[in-house]
Number of protein chains: 2
Amino acid sequence: MPVAASADSSAARHARTPGRLGRIPIRDLRPRQAENLWAANSYVGEVVPFEATVFREGHDVLYVALQLTDPSGTSTTHLMREIAKGSDRWRAEVQPDATGLWRWRIGAASDDWATWLHTAEVKIAADQDVEVVFAMGVELLRRGTGKVFADAALALADSGLGAAARLRVAQDPRLATAIAAAPLLSLVTESDEQTLRVERARAAVGSWYEFFPRSEGAKRLKSGKWTSGTFRTAAKRLPGVAAMGFDVLYLPPIHPIGVAYRKGPNNSPTAAPGDPGSPWAIGGPLADGPDGQKRAGGHDAVHPDLGTLADFRAFVKEAGKHGLEIALDLALQCSPDHPWVTEHPEWFTSRPDGTIAYAENPPKKYQDIYPLNFDRDPEGLSAEVLRIVEHWIAQGVNIFRVDNPHTKPLWFWEWLLARVAERHPDVVFLAEAFTRPPMLTALAEAGFQQSYTYFTWRNTKAELEEFLTGLATETADFLHPNLFVNTPDILTEYLQFGGPAAYKVRAAIAATASPSWGVYAGYELFEDVARPGSEENIDNEKYEYKSRDWAEAERTGRSLAPYLTMLNRVRRDHPALLQLRNLRTHWSDDDAVLVYSKHLPAGFTPRKRPDGVIVVANVDPHSVRETMVHLDLAALGLEPGTNFAVRDEVTGQRWTWTDSNFVRLDAFTEPVHLLSVEYGAKR
Amino acid sequence: MPVAASADSSAARHARTPGRLGRIPIRDLRPRQAENLWAANSYVGEVVPFEATVFREGHDVLYVALQLTDPSGTSTTHLMREIAKGSDRWRAEVQPDATGLWRWRIGAASDDWATWLHTAEVKIAADQDVEVVFAMGVELLRRGTGKVFADAALALADSGLGAAARLRVAQDPRLATAIAAAPLLSLVTESDEQTLRVERARAAVGSWYEFFPRSEGAKRLKSGKWTSGTFRTAAKRLPGVAAMGFDVLYLPPIHPIGVAYRKGPNNSPTAAPGDPGSPWAIGGPLADGPDGQKRAGGHDAVHPDLGTLADFRAFVKEAGKHGLEIALDLALQCSPDHPWVTEHPEWFTSRPDGTIAYAENPPKKYQDIYPLNFDRDPEGLSAEVLRIVEHWIAQGVNIFRVDNPHTKPLWFWEWLLARVAERHPDVVFLAEAFTRPPMLTALAEAGFQQSYTYFTWRNTKAELEEFLTGLATETADFLHPNLFVNTPDILTEYLQFGGPAAYKVRAAIAATASPSWGVYAGYELFEDVARPGSEENIDNEKYEYKSRDWAEAERTGRSLAPYLTMLNRVRRDHPALLQLRNLRTHWSDDDAVLVYSKHLPAGFTPRKRPDGVIVVANVDPHSVRETMVHLDLAALGLEPGTNFAVRDEVTGQRWTWTDSNFVRLDAFTEPVHLLSVEYGAKR
């Protein structure tokens with residue numbers, strides 16, 4: 001912190017005190033993880049609120065500043081403001097522009113000049129202690145260096161001038177500028193150093209699409225048998241996915257699939273010949289590839305039906321040409337046919353009869369899956385998983401979607417992700433931790449760049465308000481959510497019974513509430529029939545091929561693809577939507593009409609123009625709702641009472657809005673308004 | 001943690017893993033202060049909930065235990081239970097019985113036997129893997145030592161026995177007892193060591209009474225002049241205070257009072273001859289004592305009007321005979337006549353004209369008070385304050401009520417209280433920190449045994465529910481509240497305009513909601529007239545003598561003393577009321593009827609019988625309220641639907657209560673029910 005020093009009281013100026021919190025307590029620093037075990041997380045372009053609770057005895061004015069050092073070692077100072085007078089909570093917002101570890105601390109001090117100036121203004125007006133007051137001001141100014149300080153000190157000391165004139169010297173903007181550059185402080189206190197890990201933007205910002213490559217180009221022959229899609233046939237779908245505006249394509253496991261205890265359609269315990277099996281039953285026996293070569297293997301192999309490793313690399317490259325990054329599944333479990341079963345039985349749990357324990361929830365048995373045991377040879381198994389991850393990175397993969405991370409020890413992920421981050425700082429891991437909150441949040445803290453969340457099970461207005469606000473505040477320092485609207489495992493009742501309106505509502509909220517969102521193929525076709533009694537699609541693609549006629553659906557208007565395309569366009573047009581922490585809920589008089597906004601001030605947008613979007617969603621997909629919407633305009637950077645123009649990105653309609661506004665949302669046509677605020681537009 | 005060891009997998013049993021949280025994460029330990037800068041606080045007799053969030057991958061049964069070491073070095077292990085299934089939050093309650101620093105940590109492990117037994121019960125019933133299951137059980141039992149383990153292992157291995165019989169062996173209570181003493185665990189993980197400072201009970205539990213000794217025995221002469229009360233005359237009031245059941249008597253400052261700029265009645269800027277001045281304007285010039293000796297001085301002196309240091313010691317001793325501890329005011333500020341002003345000008349702020357800065361809030365001036373400056377000679381001033389505290393401890397004082405601690409640096413209190421605690425662990429400091437929450441809580445964390453709170457300004461049902469619940473949960477690990485109903489500085493509008501009902505309501509809530517509460521003299525006389533526009537009594541005792549006729553008030557029935565006496569008796573009869581954390585709010589259908597209870601299970605009470613009190617208060621002092629009260633009976637240790645007897649400690653009436661109950665509370669007679677639950681009584 002820059003400090004104008006003086007000889008007489010420098011001891012007090014940098015007070016060394018015996019207290020644990022120093023002369024001026026600085027507490028509850030953010031961004032920070034719950035127990036500060038690991039660095040907090042951010043991403044390039046995020047507007048990060050650095051905060052602390054700073055307080056002291058008495059009424060002297062505080063000076064609080066953030067000292068920030070970027071990964072290259074360059075330090076900057078950012079003045080902090082008290083969020084609300086009397087709150088003792090101070091904040092400065094900064095937008096990191098480089099990946100790596102940022103270091104920061106907060107400094108607090110007594111702002112001697114501001115304290116004096118306030119006293120002087122009151123006392124001179126009351127004609128109290130005039131000479132003593134100016135003498136104190138002179139004492140302070142003599143701590144500064146340079147002509148501006150010296151001239152001001154001379155004028156303040158000049159009792160020949162009138163008191164008002166001397167005060168005006170003290171209030172001169174040039175003096176204020178000089179003092180801002182070299183503040184006159186005492187009791188300077190600094191917090192401990194904190195760290196913030198800044199990742200590339202994709203770690204938190206992206207539109208994800210998931211498909212099974214074996215389905216893309218799969219064909220059902222007249223015999224009823226299927227031929228599998230391959231990386232080459234799946235590549236033909238890439239332009240379609242890219243045209244919808246997605247930028248990450250996530251593939252379920254692409255490895256050989258076990259034959260022993262293979263599951264048939266609809267999770268039946270027996271598979272018929274030709275049934276492809278679940279891609280998550282990883283590890284297959286030797287088999288003929290399409291090139292006539294016998295291949296087999298586990299997590300480092302490619303399923304022979306899909307092609308070769310070279311085909312995969314070509315697929316990754318082709319996806320890149322369409323602006324799509326490939327996310328690969330990392331599912332650490334094995335089929336009985338996995339090579340590790342014979343080569344490394346120590347990586348599994350063995351039973352007294354010498355057999356390997358399959359997965360079970362007694363009396364239920366899951367004999368197609370052998371869970372890994374991380375406690376028998378932790379070093380060996382960890383090294384092998386690291387080798388596998390490195391193998392796929394070498395093929396061009398920089399994103400991994402991790403299946404069920406919560407069924408492996410936390411320490412393992414902490415170790416693995418730290419090792420990978422050291423060598424490949426751009427690699428992103430998404431945690432599919434559908435488990436209880438402590439494990440879900442600990443995985444995010446310990447290194448996962450992204451997390452699935454409980455989004456699919458938060459459907460009412462009240463649930464969504466609490467859930468989205470929680471994501472934007474409580475866990476935002478370490479958990480970056482990816483709001484998938486559906487998955488091969490999750491077809492919620494809301495989607496099963498909500499019709500097309502439900503599909504629009506969920507997609508619109510996912511795409512706007514979180515910087516990352518995702519869609520599993522088939523969503524755009526409103527595939528909403530579940531296997532009875534389950535929360536999964538009937539004839540689930542996990543166990544069979546699916547051939548979908550995308551073009552026919554779009555031609556007949558039975559596709560949500562144009563809506564998804566619109567959502568991804570709105571995301572690109574509105575930088576405010578690529579932030580997580582700026583979500584603010586507003587009010588409506590209807591308990592099914594959810595209202596939230598995102599705003600980014602001009603200083604933080606690429607084109608230096610303010611950006612704002614208001615989302616108004618009727619979350620009851622079976623109704624028409626008419627209600628008033630009440631906005632906290634300050635959350636949009638507007639003064640209360642302002643009239644402003646909004647444009648509905650869904651329909652193109654334009655309206656003039658103000659604090660309270662009428663809306664009519666018809667679930668049977670358009671259940672959601674996506675209103676962009678037209679700052680400065682004529683109304 | 002006791003662990004039955006075995007050779008083959010001891011590495012896994014005490015897993016050393018690279019993670020920061022170890023093999024089984026143990027997080028968010030309580031009791032703990034916000035940032036764990038200082039030890040959490042407790043007191044002898046408090047039932048302390050030790051808690052942690054413990055979670056792991058998979059479904060194996062967890063074993064979680066508290067390891068507690070008392071100040072003498074004796075360690076005990078306490079099994080922890082999951083608060084609610086699936087919460088991942090574990091708790092064990094322990095009642096510390098000795099003062100000093102307790103050390104504790106939490107251990108977690110995989111409970112191999114419980115996991116196996118659950119699996120065995122399901123699988124044997126389904127006739128699955130019978131021999132493998134028993135073989136696993138035998139493997140486990142061989143890790144135990146002793147005949148019970150060996151016999152059970154033999155029986156389990158005996159395939160000649162029926163499966164049901166072998167399972168019964170595994171379920172045998174004798175085996176369960178042996179395993180409880182030496183659990184069969186693996187993946188043992190321990191938290192870092194934590195500390196808990198346990199103070200004497202008075203640090204958190206007490207009934208306080210405040211009077212001005214100069215008023216007790218003060219007499220107005222026919223001339224209109226007053227003669228001051230003295231320690232000798234004030235001692236005559238001790239039996240009366242003790243008879244009301246109080247156990248701490250707090251005295252405003254007893255030191256010489258400044259003459260310069262002395263305040264007159266009702267805070268008038270000028271004092272007439274004979275006006276005694278505010279006891280908080282500490283430090284007087286030389287003056288004649290009643291014994292004819294000239295005395296004067298500052299914080300280590302006694303006001304000549306009150307008597308001598310010897311008189312004070314005698315007063316302390318006499319109070320002790322009545323079961324009253326003396327609490328002395330520690331107000332670190334000076335009148336212009338304080339000896340420090342001339343002897344240690346470096347302990348004040350000096351102005352450029354050589355004068356010492358008085359207190360001011362420009363343009364207001366408080367010329368009767370010189371604030372201390374802790375930044376010019378921190379070591380010297382700190383040492384002097386410590387000397388003063390030691391001086392009063394030497395006179396028999398063990399409790400200090402600290403005036404405005406938030407106007408001095410936090411580090412100073414941390415330092416002072418730690419020094420005093422080292423030499424005099426029984427000394428208690430009460431913080432009068434009527435300031436914003438960060439400073440208020442930091443003072444408590446940094447060492448104050450007790451704190452004033454915002455209680456006087458929490459008057460509605462909704463306010464009180466939130467406030468009292470917060471005290472019992474959020475800050476209970478470090479802040480012990482003292483709920484004063486009034487002070488010489490605080491006569492709230494609620495009391496000014498609420499009449500006798502308001503006085504009853506506030507006293508009943510203060511005495512039952514918190515283990516410590518307090519009353520300033522005059523409360524029992526319903527002194528409810530404020531100086532216009534202020535929140536203080538008119539003709540405030542701070543600036544003049546008060547002569548109150550206690551006996552006359554009681555004789556004519558115009559005294560609350562019998563009610564206060566009843567409250568203190570109820571506190572003595574009910575150990576549940578001497579706990580803070582056990583407060584639970586319940587429900588009523590009336591927005592002015594506040595309901596809460598306190599319960600202590602039999603194991604924690606002196607007579608080993610359950611104790612419970614239900615408080616039902618009509619907090620609108622101008623109304624009669626009839627409503628239903630709905631109780632969560634589990635919070636009282638009762639089954640839902642139970643009928644039980646209650647006795648109203650206010651009126652002696654008895655009723656049979658159950659989950660929902662009718663009440664009628666008439667503010668003009670008795671606005672509060674204090675219902676003791678008669679556990680096991682005939683109904």
# chains A, B, ... in the order shown; residues from 1 in each chain; ligands from 1
>>> closest_atom_pairs(of="chain B", to="chain A", cutoff="8 Å", atoms="only C-alpha atoms", output="Markdown table")
| residue | atom | partner | partner_atom | distance |
| --- | --- | --- | --- | --- |
| B:Ser9 | CA | A:Arg376 | CA | 8.0 |
| B:Ala12 | CA | A:Asp375 | CA | 5.7 |
| B:Ala15 | CA | A:Asp375 | CA | 7.8 |
| B:Thr17 | CA | A:Trp411 | CA | 6.7 |
| B:Pro18 | CA | A:Trp411 | CA | 6.4 |
| B:Gly19 | CA | A:Trp411 | CA | 4.3 |
| B:Arg20 | CA | A:Leu37 | CA | 7.1 |
| B:Leu21 | CA | A:Trp411 | CA | 7.2 |
| B:Gly22 | CA | A:Trp411 | CA | 6.6 |
| B:Arg23 | CA | A:Trp411 | CA | 6.6 |
| B:Ile24 | CA | A:Pro409 | CA | 7.8 |
| B:Pro25 | CA | A:Leu410 | CA | 7.7 |
| B:Asp28 | CA | A:Glu35 | CA | 7.7 |
| B:Glu35 | CA | A:Asp28 | CA | 7.7 |
| B:Leu37 | CA | A:Arg20 | CA | 7.1 |
| B:Thr53 | CA | A:Pro438 | CA | 7.5 |
| B:Phe55 | CA | A:Met439 | CA | 6.8 |
| B:Arg56 | CA | A:Pro409 | CA | 6.9 |
| B:Glu57 | CA | A:Thr407 | CA | 4.5 |
| B:Gly58 | CA | A:Thr407 | CA | 5.2 |
| B:Gly86 | CA | A:Arg436 | CA | 7.7 |
| B:Asp88 | CA | A:Pro438 | CA | 7.4 |
| B:Thr119 | CA | A:Pro362 | CA | 6.5 |
| B:Val122 | CA | A:Pro362 | CA | 6.3 |
| B:Lys123 | CA | A:Pro363 | CA | 6.0 |
| B:Ala126 | CA | A:Pro363 | CA | 6.8 |
| B:Gln128 | CA | A:Pro363 | CA | 7.8 |
| B:Val132 | CA | A:Pro352 | CA | 6.2 |
| B:Ala135 | CA | A:Pro352 | CA | 6.3 |
| B:Met136 | CA | A:Pro352 | CA | 6.3 |
| B:Arg351 | CA | A:Val132 | CA | 7.2 |
| B:Pro352 | CA | A:Val132 | CA | 6.3 |
| B:Asp353 | CA | A:Val132 | CA | 6.4 |
| B:Pro362 | CA | A:Val122 | CA | 6.2 |
| B:Pro363 | CA | A:Lys123 | CA | 6.0 |
| B:Asp375 | CA | A:Ala12 | CA | 5.7 |
| B:Arg376 | CA | A:Ala12 | CA | 6.8 |
| B:His406 | CA | A:Glu57 | CA | 5.4 |
| B:Thr407 | CA | A:Glu57 | CA | 4.5 |
| B:Lys408 | CA | A:Glu57 | CA | 5.5 |
| B:Pro409 | CA | A:Glu57 | CA | 5.8 |
| B:Leu410 | CA | A:Arg23 | CA | 7.5 |
| B:Trp411 | CA | A:Gly19 | CA | 4.3 |
| B:Phe412 | CA | A:Gly19 | CA | 7.4 |
| B:Glu414 | CA | A:Gly19 | CA | 6.4 |
| B:Trp415 | CA | A:Gly19 | CA | 6.8 |
| B:Arg436 | CA | A:Gly86 | CA | 7.7 |
| B:Pro438 | CA | A:Phe55 | CA | 7.1 |
| B:Met439 | CA | A:Phe55 | CA | 6.8 |
>>> select_by_dssp(residues="stretch 499-628 of chain A", states="helix (DSSP H, G or I)", output="JSON, numbers by chain")
{"A": [499, 500, 501, 502, 503, 504, 505, 506, 507, 508, 509, 510, 511, 512, 513, 523, 524, 525, 550, 551, 552, 553, 554, 555, 561, 562, 563, 564, 565, 566, 567, 568, 569, 570, 571, 572, 573, 575, 576, 577, 578, 602, 603, 604]}
>>> closest_residue(among="B:Asp300, B:Glu678, B:Lys598, B:Arg531", to="B:Pro265", atoms="only C-alpha atoms")
B:Arg531
>>> select_by_dssp(residues="stretch 492-583 of chain B", states="strand (DSSP E or B)", output="list in words")
Ser516, Trp517, Gly518, Val519, Tyr520, Ala530 and Asn537 of chain B
>>> residues_around(residues="B:Ile326", least_positions_apart="6", cutoff="8 Å", atoms="only C-alpha atoms", output="NGL selection string")
:B and (248-251 or 316 or 319 or 397-399)
>>> write_last_selection(atoms="N, CA, C and O atoms", output="short mmCIF file (atom, residue, chain, number, x, y, z; two decimals), in the first residue's frame")
data_model
loop_
_atom_site.label_atom_id
_atom_site.label_comp_id
_atom_site.auth_asym_id
_atom_site.auth_seq_id
_atom_site.Cartn_x
_atom_site.Cartn_y
_atom_site.Cartn_z
N VAL B 248 -24.73 -11.36 41.47
CA VAL B 248 -23.65 -10.42 41.15
C VAL B 248 -24.19 -9.01 41.36
O VAL B 248 -25.30 -8.69 40.93
N LEU B 249 -23.39 -8.19 42.04
CA LEU B 249 -23.76 -6.79 42.23
C LEU B 249 -22.75 -5.95 41.47
O LEU B 249 -21.56 -5.97 41.76
N TYR B 250 -23.24 -5.22 40.46
CA TYR B 250 -22.36 -4.42 39.62
C TYR B 250 -22.44 -2.96 40.03
O TYR B 250 -23.51 -2.37 40.10
N LEU B 251 -21.25 -2.38 40.28
CA LEU B 251 -21.15 -0.98 40.69
C LEU B 251 -20.59 -0.13 39.55
O LEU B 251 -19.53 -0.43 39.02
N VAL B 316 -16.91 -5.46 49.83
CA VAL B 316 -16.78 -6.68 49.00
C VAL B 316 -16.98 -7.91 49.87
O VAL B 316 -17.68 -8.86 49.49
N ALA B 319 -20.61 -8.25 50.93
CA ALA B 319 -21.42 -8.75 49.81
C ALA B 319 -21.25 -10.25 49.69
O ALA B 319 -22.22 -10.99 49.49
N VAL B 397 -11.92 -8.11 43.90
CA VAL B 397 -12.82 -8.06 42.74
C VAL B 397 -12.44 -9.14 41.73
O VAL B 397 -11.27 -9.27 41.38
N ASN B 398 -13.40 -9.91 41.28
CA ASN B 398 -13.15 -10.94 40.28
C ASN B 398 -14.00 -10.78 39.02
O ASN B 398 -13.97 -11.62 38.13
N ILE B 399 -14.81 -9.72 38.99
CA ILE B 399 -15.63 -9.47 37.80
C ILE B 399 -15.50 -8.00 37.42
O ILE B 399 -15.58 -7.11 38.28
#
>>> residues_around(residues="A:Ala359", least_positions_apart="4", cutoff="6 Å", atoms="only C-alpha atoms", output="list in words")
Tyr366, Ile369 and Tyr370 of chain A
>>> write_last_selection(atoms="N, CA and C atoms", output="mmCIF file, in the first residue's frame")
data_model
loop_
_atom_site.group_PDB
_atom_site.id
_atom_site.type_symbol
_atom_site.label_atom_id
_atom_site.label_comp_id
_atom_site.auth_asym_id
_atom_site.auth_seq_id
_atom_site.Cartn_x
_atom_site.Cartn_y
_atom_site.Cartn_z
ATOM 1 N N TYR A 366 -24.931 -56.086 -9.114
ATOM 2 C CA TYR A 366 -24.611 -55.430 -10.390
ATOM 3 C C TYR A 366 -23.359 -56.113 -10.922
ATOM 4 N N ILE A 369 -20.385 -54.807 -13.299
ATOM 5 C CA ILE A 369 -19.474 -53.728 -12.887
ATOM 6 C C ILE A 369 -18.611 -54.183 -11.710
ATOM 7 N N TYR A 370 -17.304 -53.994 -11.840
ATOM 8 C CA TYR A 370 -16.379 -54.194 -10.725
ATOM 9 C C TYR A 370 -15.909 -52.818 -10.257
#
>>> residues_around(residues="stretch 648-655 of chain A", least_positions_apart="3", cutoff="9 Å", atoms="only C-alpha atoms", output="JSON list (two decimals) with all heavy atoms, in the first residue's frame")
[["chain", "number", "residue", "atom", "x", "y", "z"],
["A", 563, "TYR", "N", -34.94, -22.97, -30.93],
["A", 563, "TYR", "CA", -34.97, -22.31, -29.61],
["A", 563, "TYR", "C", -33.60, -22.40, -28.94],
["A", 563, "TYR", "O", -33.09, -21.41, -28.39],
["A", 563, "TYR", "CB", -36.04, -22.98, -28.75],
["A", 563, "TYR", "CG", -36.50, -22.17, -27.55],
["A", 563, "TYR", "CD1", -37.50, -21.21, -27.68],
["A", 563, "TYR", "CD2", -35.94, -22.38, -26.30],
["A", 563, "TYR", "CE1", -37.93, -20.47, -26.59],
["A", 563, "TYR", "CE2", -36.36, -21.65, -25.19],
["A", 563, "TYR", "CZ", -37.36, -20.70, -25.34],
["A", 563, "TYR", "OH", -37.79, -19.98, -24.25],
["A", 566, "MET", "N", -31.33, -20.04, -30.59],
["A", 566, "MET", "CA", -31.58, -18.69, -30.10],
["A", 566, "MET", "C", -30.91, -18.47, -28.75],
["A", 566, "MET", "O", -30.25, -17.45, -28.51],
["A", 566, "MET", "CB", -33.11, -18.46, -30.01],
["A", 566, "MET", "CG", -33.55, -17.11, -29.46],
["A", 566, "MET", "SD", -33.67, -17.06, -27.64],
["A", 566, "MET", "CE", -35.01, -18.23, -27.34],
["A", 567, "LEU", "N", -31.06, -19.43, -27.84],
["A", 567, "LEU", "CA", -30.47, -19.28, -26.50],
["A", 567, "LEU", "C", -28.95, -19.10, -26.59],
["A", 567, "LEU", "O", -28.38, -18.23, -25.93],
["A", 567, "LEU", "CB", -30.80, -20.50, -25.64],
["A", 567, "LEU", "CG", -32.27, -20.64, -25.22],
["A", 567, "LEU", "CD1", -32.50, -21.96, -24.48],
["A", 567, "LEU", "CD2", -32.70, -19.46, -24.35],
["A", 570, "VAL", "N", -28.15, -15.63, -27.79],
["A", 570, "VAL", "CA", -28.33, -14.63, -26.73],
["A", 570, "VAL", "C", -27.13, -14.65, -25.78],
["A", 570, "VAL", "O", -26.65, -13.60, -25.36],
["A", 570, "VAL", "CB", -29.66, -14.88, -25.98],
["A", 570, "VAL", "CG1", -29.77, -13.98, -24.76],
["A", 570, "VAL", "CG2", -30.85, -14.68, -26.92],
["A", 644, "PHE", "N", -37.20, 2.46, -19.42],
["A", 644, "PHE", "CA", -36.13, 1.97, -20.31],
["A", 644, "PHE", "C", -36.72, 0.98, -21.30],
["A", 644, "PHE", "O", -37.76, 0.37, -21.05],
["A", 644, "PHE", "CB", -35.00, 1.34, -19.49],
["A", 644, "PHE", "CG", -35.43, 0.21, -18.61],
["A", 644, "PHE", "CD1", -35.25, -1.12, -19.00],
["A", 644, "PHE", "CD2", -36.02, 0.45, -17.37],
["A", 644, "PHE", "CE1", -35.65, -2.16, -18.17],
["A", 644, "PHE", "CE2", -36.43, -0.59, -16.55],
["A", 644, "PHE", "CZ", -36.24, -1.89, -16.95],
["A", 645, "ALA", "N", -36.02, 0.83, -22.44],
["A", 645, "ALA", "CA", -36.51, -0.06, -23.49],
["A", 645, "ALA", "C", -35.97, -1.47, -23.27],
["A", 645, "ALA", "O", -34.81, -1.65, -22.89],
["A", 645, "ALA", "CB", -36.07, 0.45, -24.85],
["A", 670, "GLU", "N", -45.23, -18.96, -25.68],
["A", 670, "GLU", "CA", -43.89, -18.67, -25.18],
["A", 670, "GLU", "C", -43.93, -18.47, -23.67],
["A", 670, "GLU", "O", -44.42, -17.46, -23.19],
["A", 670, "GLU", "CB", -43.32, -17.41, -25.85],
["A", 670, "GLU", "CG", -43.02, -17.57, -27.34],
["A", 670, "GLU", "CD", -42.01, -18.67, -27.65],
["A", 670, "GLU", "OE1", -41.33, -19.13, -26.72],
["A", 670, "GLU", "OE2", -41.91, -19.05, -28.82],
["A", 672, "VAL", "N", -41.48, -17.90, -21.65],
["A", 672, "VAL", "CA", -40.35, -17.13, -21.09],
["A", 672, "VAL", "C", -40.12, -15.86, -21.89],
["A", 672, "VAL", "O", -40.12, -15.89, -23.13],
["A", 672, "VAL", "CB", -39.05, -17.98, -21.11],
["A", 672, "VAL", "CG1", -37.89, -17.18, -20.52],
["A", 672, "VAL", "CG2", -39.24, -19.29, -20.37],
["A", 673, "HIS", "N", -39.95, -14.75, -21.18],
["A", 673, "HIS", "CA", -39.38, -13.54, -21.77],
["A", 673, "HIS", "C", -37.88, -13.53, -21.49],
["A", 673, "HIS", "O", -37.46, -13.70, -20.34],
["A", 673, "HIS", "CB", -39.93, -12.27, -21.10],
["A", 673, "HIS", "CG", -41.34, -11.91, -21.48],
["A", 673, "HIS", "ND1", -41.85, -12.06, -22.75],
["A", 673, "HIS", "CD2", -42.34, -11.34, -20.75],
["A", 673, "HIS", "CE1", -43.11, -11.63, -22.78],
["A", 673, "HIS", "NE2", -43.44, -11.20, -21.57],
["A", 674, "LEU", "N", -37.09, -13.27, -22.53],
["A", 674, "LEU", "CA", -35.65, -13.00, -22.33],
["A", 674, "LEU", "C", -35.45, -11.57, -22.79],
["A", 674, "LEU", "O", -35.30, -11.30, -23.98],
["A", 674, "LEU", "CB", -34.80, -13.93, -23.19],
["A", 674, "LEU", "CG", -34.85, -15.42, -22.88],
["A", 674, "LEU", "CD1", -33.95, -16.18, -23.84],
["A", 674, "LEU", "CD2", -34.40, -15.67, -21.45],
["A", 675, "LEU", "N", -35.47, -10.66, -21.85],
["A", 675, "LEU", "CA", -35.50, -9.24, -22.21],
["A", 675, "LEU", "C", -34.11, -8.64, -22.13],
["A", 675, "LEU", "O", -33.49, -8.62, -21.06],
["A", 675, "LEU", "CB", -36.43, -8.50, -21.24],
["A", 675, "LEU", "CG", -37.85, -9.05, -21.17],
["A", 675, "LEU", "CD1", -38.64, -8.33, -20.08],
["A", 675, "LEU", "CD2", -38.56, -8.92, -22.51],
["A", 676, "SER", "N", -33.61, -8.17, -23.26],
["A", 676, "SER", "CA", -32.34, -7.44, -23.17],
["A", 676, "SER", "C", -32.67, -5.97, -22.95],
["A", 676, "SER", "O", -33.56, -5.41, -23.56],
["A", 676, "SER", "CB", -31.49, -7.64, -24.43],
["A", 676, "SER", "OG", -32.24, -7.47, -25.58],
["A", 683, "ARG", "N", -36.68, 5.75, -26.35],
["A", 683, "ARG", "CA", -37.92, 5.06, -25.97],
["A", 683, "ARG", "C", -39.10, 5.72, -26.65],
["A", 683, "ARG", "O", -39.14, 6.93, -26.78],
["A", 683, "ARG", "CB", -38.12, 5.11, -24.45],
["A", 683, "ARG", "CG", -37.04, 4.41, -23.68],
["A", 683, "ARG", "CD", -37.38, 4.43, -22.21],
["A", 683, "ARG", "NE", -37.58, 5.79, -21.72],
["A", 683, "ARG", "CZ", -36.64, 6.61, -21.30],
["A", 683, "ARG", "NH1", -35.40, 6.21, -21.31],
["A", 683, "ARG", "NH2", -36.93, 7.80, -20.87]]
>>> residues_around(residues="stretch 656-667 of chain A", least_positions_apart="2", cutoff="9 Å", atoms="only C-alpha atoms", output="PyMOL selection string")
chain A and resi 500-502+505+593+616-633+640-647+654+669-673+683
>>> decode(residues="stretch 479-483 of chain B", atoms="N, CA, C and O atoms", output="PDB file, in the first residue's frame")
ATOM      1  N   LEU B 479     -19.773 -16.422  22.348  1.00  0.00           N
ATOM      2  CA  LEU B 479     -20.391 -15.243  22.967  1.00  0.00           C
ATOM      3  C   LEU B 479     -21.414 -15.668  24.013  1.00  0.00           C
ATOM      4  O   LEU B 479     -22.373 -16.365  23.691  1.00  0.00           O
ATOM      5  N   HIS B 480     -21.154 -15.259  25.266  1.00  0.00           N
ATOM      6  CA  HIS B 480     -22.089 -15.550  26.348  1.00  0.00           C
ATOM      7  C   HIS B 480     -22.835 -14.266  26.676  1.00  0.00           C
ATOM      8  O   HIS B 480     -22.261 -13.331  27.227  1.00  0.00           O
ATOM      9  N   PRO B 481     -24.110 -14.212  26.336  1.00  0.00           N
ATOM     10  CA  PRO B 481     -24.856 -12.970  26.493  1.00  0.00           C
ATOM     11  C   PRO B 481     -25.246 -12.703  27.937  1.00  0.00           C
ATOM     12  O   PRO B 481     -25.483 -13.626  28.719  1.00  0.00           O
ATOM     13  N   ASN B 482     -25.305 -11.441  28.291  1.00  0.00           N
ATOM     14  CA  ASN B 482     -25.892 -11.029  29.557  1.00  0.00           C
ATOM     15  C   ASN B 482     -27.051 -10.110  29.197  1.00  0.00           C
ATOM     16  O   ASN B 482     -26.850  -8.989  28.730  1.00  0.00           O
ATOM     17  N   LEU B 483     -28.274 -10.597  29.390  1.00  0.00           N
ATOM     18  CA  LEU B 483     -29.449  -9.847  28.942  1.00  0.00           C
ATOM     19  C   LEU B 483     -29.898  -8.861  30.031  1.00  0.00           C
ATOM     20  O   LEU B 483     -30.705  -9.204  30.891  1.00  0.00           O
TER      21      LEU B 483
END
